[in-house]
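Enquirer: Hey, dropping upload.cif in here, mmCIF, C-alpha atoms:
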```
data_entry
#
loop_
_atom_site.group_PDB
_atom_site.id
_atom_site.type_symbol
_atom_site.label_atom_id
_atom_site.label_comp_id
_atom_site.auth_asym_id
_atom_site.auth_seq_id
_atom_site.Cartn_x
_atom_site.Cartn_y
_atom_site.Cartn_z
ATOM 1 C CA MET P 1 57.493 -35.310 6.947
ATOM 2 C CA ALA P 2 54.182 -33.983 5.705
ATOM 3 C CA GLY P 3 52.066 -36.316 3.626
ATOM 4 C CA PRO P 4 50.136 -35.469 0.441
ATOM 5 C CA SER P 5 46.904 -34.859 2.346
ATOM 6 C CA GLU P 6 48.645 -32.335 4.597
ATOM 7 C CA TRP P 7 50.021 -30.529 1.542
ATOM 8 C CA ARG P 8 46.527 -30.338 0.102
ATOM 9 C CA ILE P 9 45.164 -28.980 3.379
ATOM 10 C CA ASP P 10 47.954 -26.391 3.514
ATOM 11 C CA ASP P 11 47.220 -25.416 -0.093
ATOM 12 C CA ILE P 12 43.511 -25.019 0.653
ATOM 13 C CA GLU P 13 44.272 -22.909 3.734
ATOM 14 C CA ARG P 14 46.616 -20.658 1.714
ATOM 15 C CA LYS P 15 43.951 -20.165 -0.952
ATOM 16 C CA ALA P 16 41.306 -19.427 1.661
ATOM 17 C CA ASN P 17 43.553 -16.883 3.353
ATOM 18 C CA ALA P 18 44.296 -15.252 0.000
ATOM 19 C CA ALA P 19 40.600 -14.949 -0.851
ATOM 20 C CA ALA P 20 38.838 -11.628 -0.420
ATOM 21 C CA PRO P 21 38.045 -10.869 3.217
ATOM 22 C CA ALA P 22 34.385 -11.139 4.224
ATOM 23 C CA HIS P 23 34.106 -7.372 4.747
ATOM 24 C CA ALA P 24 35.222 -6.810 1.136
ATOM 25 C CA VAL P 25 32.505 -9.166 -0.094
ATOM 26 C CA ASP P 26 29.935 -7.371 2.078
ATOM 27 C CA ALA P 27 31.094 -4.013 0.712
ATOM 28 C CA LEU P 28 30.718 -5.291 -2.851
ATOM 29 C CA ARG P 29 27.233 -6.588 -2.095
ATOM 30 C CA SER P 30 26.317 -3.180 -0.716
ATOM 31 C CA GLU P 31 27.674 -1.465 -3.818
ATOM 32 C CA VAL P 32 25.746 -3.840 -6.089
ATOM 33 C CA ALA P 33 22.547 -3.128 -4.149
ATOM 34 C CA SER P 34 23.194 0.596 -4.504
ATOM 35 C CA VAL P 35 23.707 0.259 -8.248
ATOM 36 C CA GLU P 36 20.513 -1.797 -8.528
ATOM 37 C CA ARG P 37 18.570 0.951 -6.731
ATOM 38 C CA ALA P 38 20.069 3.586 -9.024
ATOM 39 C CA VAL P 39 19.139 1.552 -12.103
ATOM 40 C CA THR P 40 15.579 1.219 -10.827
ATOM 41 C CA GLU P 41 15.382 4.992 -10.320
ATOM 42 C CA VAL P 42 16.753 5.648 -13.814
ATOM 43 C CA GLU P 43 14.267 3.187 -15.335
ATOM 44 C CA SER P 44 11.443 4.956 -13.542
ATOM 45 C CA ALA P 45 12.621 8.362 -14.750
ATOM 46 C CA LEU P 46 12.939 7.042 -18.303
ATOM 47 C CA ALA P 47 9.418 5.635 -18.172
ATOM 48 C CA GLY P 48 8.122 9.049 -17.122
ATOM 49 C CA LEU P 49 10.072 10.791 -19.868
ATOM 50 C CA ARG P 50 8.819 8.260 -22.427
ATOM 51 C CA THR P 51 5.220 8.952 -21.397
ATOM 52 C CA GLU P 52 5.777 12.700 -21.579
ATOM 53 C CA LEU P 53 7.431 12.405 -25.000
ATOM 54 C CA GLN P 54 4.546 10.330 -26.350
ATOM 55 C CA SER P 55 2.094 12.915 -25.066
ATOM 56 C CA LEU P 56 4.038 15.748 -26.701
ATOM 57 C CA GLN P 57 4.323 13.814 -29.965
ATOM 58 C CA ALA P 58 0.558 13.304 -30.024
ATOM 59 C CA ARG P 59 0.049 17.015 -29.352
ATOM 60 C CA VAL P 60 2.415 18.005 -32.170
ATOM 61 C CA GLU P 61 0.635 15.639 -34.552
ATOM 62 C CA ARG P 62 -2.727 17.205 -33.646
ATOM 63 C CA LEU P 63 -1.301 20.711 -34.191
ATOM 64 C CA GLU P 64 0.096 19.726 -37.582
ATOM 65 C CA LEU P 65 -3.210 18.424 -38.929
ATOM 66 C CA PRO P 66 -4.356 20.496 -41.952
ATOM 67 C CA ASP P 67 -7.881 20.988 -40.603
ATOM 68 C CA ASN P 68 -6.581 22.460 -37.358
ATOM 69 C CA PRO P 69 -7.789 26.074 -36.968
#
```
Written as C-alpha cells, that's how I'd like the structure from this file.

Expert:
Amino acid sequence: MAGPSEWRIDDIERKANAAAPAHAVDALRSEVASVERAVTEVESALAGLRTELQSLQARVERLELPDNP
C-alpha cells in the first residue's frame, strides 16, 4: 500500500510530465526574442519618422509665415 508521501511524489511526477516540454519553452523564448527585436526595429523606425515629421512641420510653419516671400 502506498503511503501519503508516495501519493504526493506520484502527483508531482504527473504534474511535471504534464508540463510543457523543454523544447516548447525554448521555442517560446525564441519567439519572444524575435518579437522583442521586431519591437526595437519598429521603435527605431518610429523615431526616424517622428524626426522627419517634426522637420516637415517646421518647414511648413516657415512657409506659412506672412513675411515669407

Enquirer: Can you work out the spacing between CA of Ile12 (chain P) and CA of Leu28 (chain P) in Å, to one decimal?

Expert: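 Computing the Euclidean distance for CA of Ile12 (chain P) and CA of Leu28 (chain P) yields 23.8 Å.
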
Enquirer: Please give the centre and size of the box around region 55-65 of chain P (axis-aligned, containing every atom listed in the file, 4 Å added per side), with values in Å to one decimal and written as AutoDock Vina command-line options.

Expert:
```
--center_x 0.6 --center_y 16.8 --center_z -32.0 --size_x 15.5 --size_y 15.8 --size_z 21.9
```

Enquirer: In Å, with one decimal, what is the gap from CA of Arg8 (chain P) to CA of Ala24 (chain P)?

Expert: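 So the answer is 26.1 Å.
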
Enquirer: Tell me, in Å to one decimal, how far CA of Val32 (chain P) is from CA of Glu13 (chain P).

Expert: 28.3 Å

Enquirer: What would region 33-58 of chain P look like with N, CA and C atoms restored, written as a JSON list (two decimals), keeping the file's coordinate frame?

Expert:
```json
[["chain", "number", "residue", "atom", "x", "y", "z"],
["P", 33, "ALA", "N", 23.90, -3.52, -4.53],
["P", 33, "ALA", "CA", 22.55, -3.13, -4.15],
["P", 33, "ALA", "C", 22.31, -1.66, -4.45],
["P", 34, "SER", "N", 23.31, -0.83, -4.21],
["P", 34, "SER", "CA", 23.19, 0.60, -4.50],
["P", 34, "SER", "C", 23.03, 0.84, -6.00],
["P", 35, "VAL", "N", 23.81, 0.12, -6.78],
["P", 35, "VAL", "CA", 23.71, 0.26, -8.25],
["P", 35, "VAL", "C", 22.33, -0.22, -8.72],
["P", 36, "GLU", "N", 21.84, -1.30, -8.15],
["P", 36, "GLU", "CA", 20.51, -1.80, -8.53],
["P", 36, "GLU", "C", 19.44, -0.77, -8.23],
["P", 37, "ARG", "N", 19.54, -0.10, -7.07],
["P", 37, "ARG", "CA", 18.57, 0.95, -6.73],
["P", 37, "ARG", "C", 18.66, 2.11, -7.72],
["P", 38, "ALA", "N", 19.88, 2.49, -8.08],
["P", 38, "ALA", "CA", 20.07, 3.59, -9.02],
["P", 38, "ALA", "C", 19.49, 3.23, -10.39],
["P", 39, "VAL", "N", 19.69, 2.00, -10.82],
["P", 39, "VAL", "CA", 19.14, 1.55, -12.10],
["P", 39, "VAL", "C", 17.62, 1.59, -12.07],
["P", 40, "THR", "N", 17.03, 1.18, -10.97],
["P", 40, "THR", "CA", 15.58, 1.22, -10.83],
["P", 40, "THR", "C", 15.07, 2.66, -10.91],
["P", 41, "GLU", "N", 15.77, 3.58, -10.27],
["P", 41, "GLU", "CA", 15.38, 4.99, -10.32],
["P", 41, "GLU", "C", 15.50, 5.54, -11.74],
["P", 42, "VAL", "N", 16.56, 5.18, -12.43],
["P", 42, "VAL", "CA", 16.75, 5.65, -13.81],
["P", 42, "VAL", "C", 15.66, 5.08, -14.71],
["P", 43, "GLU", "N", 15.33, 3.80, -14.53],
["P", 43, "GLU", "CA", 14.27, 3.19, -15.34],
["P", 43, "GLU", "C", 12.95, 3.89, -15.11],
["P", 44, "SER", "N", 12.67, 4.25, -13.86],
["P", 44, "SER", "CA", 11.44, 4.96, -13.54],
["P", 44, "SER", "C", 11.42, 6.34, -14.20],
["P", 45, "ALA", "N", 12.54, 7.04, -14.12],
["P", 45, "ALA", "CA", 12.62, 8.36, -14.75],
["P", 45, "ALA", "C", 12.46, 8.25, -16.26],
["P", 46, "LEU", "N", 13.06, 7.24, -16.86],
["P", 46, "LEU", "CA", 12.94, 7.04, -18.30],
["P", 46, "LEU", "C", 11.50, 6.73, -18.70],
["P", 47, "ALA", "N", 10.82, 5.94, -17.89],
["P", 47, "ALA", "CA", 9.42, 5.64, -18.17],
["P", 47, "ALA", "C", 8.59, 6.91, -18.15],
["P", 48, "GLY", "N", 8.83, 7.77, -17.18],
["P", 48, "GLY", "CA", 8.12, 9.05, -17.12],
["P", 48, "GLY", "C", 8.43, 9.94, -18.31],
["P", 49, "LEU", "N", 9.69, 9.99, -18.70],
["P", 49, "LEU", "CA", 10.07, 10.79, -19.87],
["P", 49, "LEU", "C", 9.46, 10.23, -21.14],
["P", 50, "ARG", "N", 9.41, 8.89, -21.25],
["P", 50, "ARG", "CA", 8.82, 8.26, -22.43],
["P", 50, "ARG", "C", 7.34, 8.63, -22.53],
["P", 51, "THR", "N", 6.64, 8.59, -21.41],
["P", 51, "THR", "CA", 5.22, 8.95, -21.40],
["P", 51, "THR", "C", 5.04, 10.41, -21.79],
["P", 52, "GLU", "N", 5.87, 11.28, -21.25],
["P", 52, "GLU", "CA", 5.78, 12.70, -21.58],
["P", 52, "GLU", "C", 6.08, 12.94, -23.06],
["P", 53, "LEU", "N", 7.08, 12.26, -23.59],
["P", 53, "LEU", "CA", 7.43, 12.40, -25.00],
["P", 53, "LEU", "C", 6.29, 11.95, -25.89],
["P", 54, "GLN", "N", 5.67, 10.82, -25.55],
["P", 54, "GLN", "CA", 4.55, 10.33, -26.35],
["P", 54, "GLN", "C", 3.39, 11.32, -26.33],
["P", 55, "SER", "N", 3.16, 11.92, -25.19],
["P", 55, "SER", "CA", 2.09, 12.92, -25.07],
["P", 55, "SER", "C", 2.40, 14.14, -25.93],
["P", 56, "LEU", "N", 3.65, 14.59, -25.89],
["P", 56, "LEU", "CA", 4.04, 15.75, -26.70],
["P", 56, "LEU", "C", 4.00, 15.43, -28.19],
["P", 57, "GLN", "N", 4.39, 14.20, -28.56],
["P", 57, "GLN", "CA", 4.32, 13.81, -29.96],
["P", 57, "GLN", "C", 2.88, 13.82, -30.46],
["P", 58, "ALA", "N", 1.97, 13.31, -29.65],
["P", 58, "ALA", "CA", 0.56, 13.30, -30.02],
["P", 58, "ALA", "C", 0.05, 14.73, -30.16]]
```
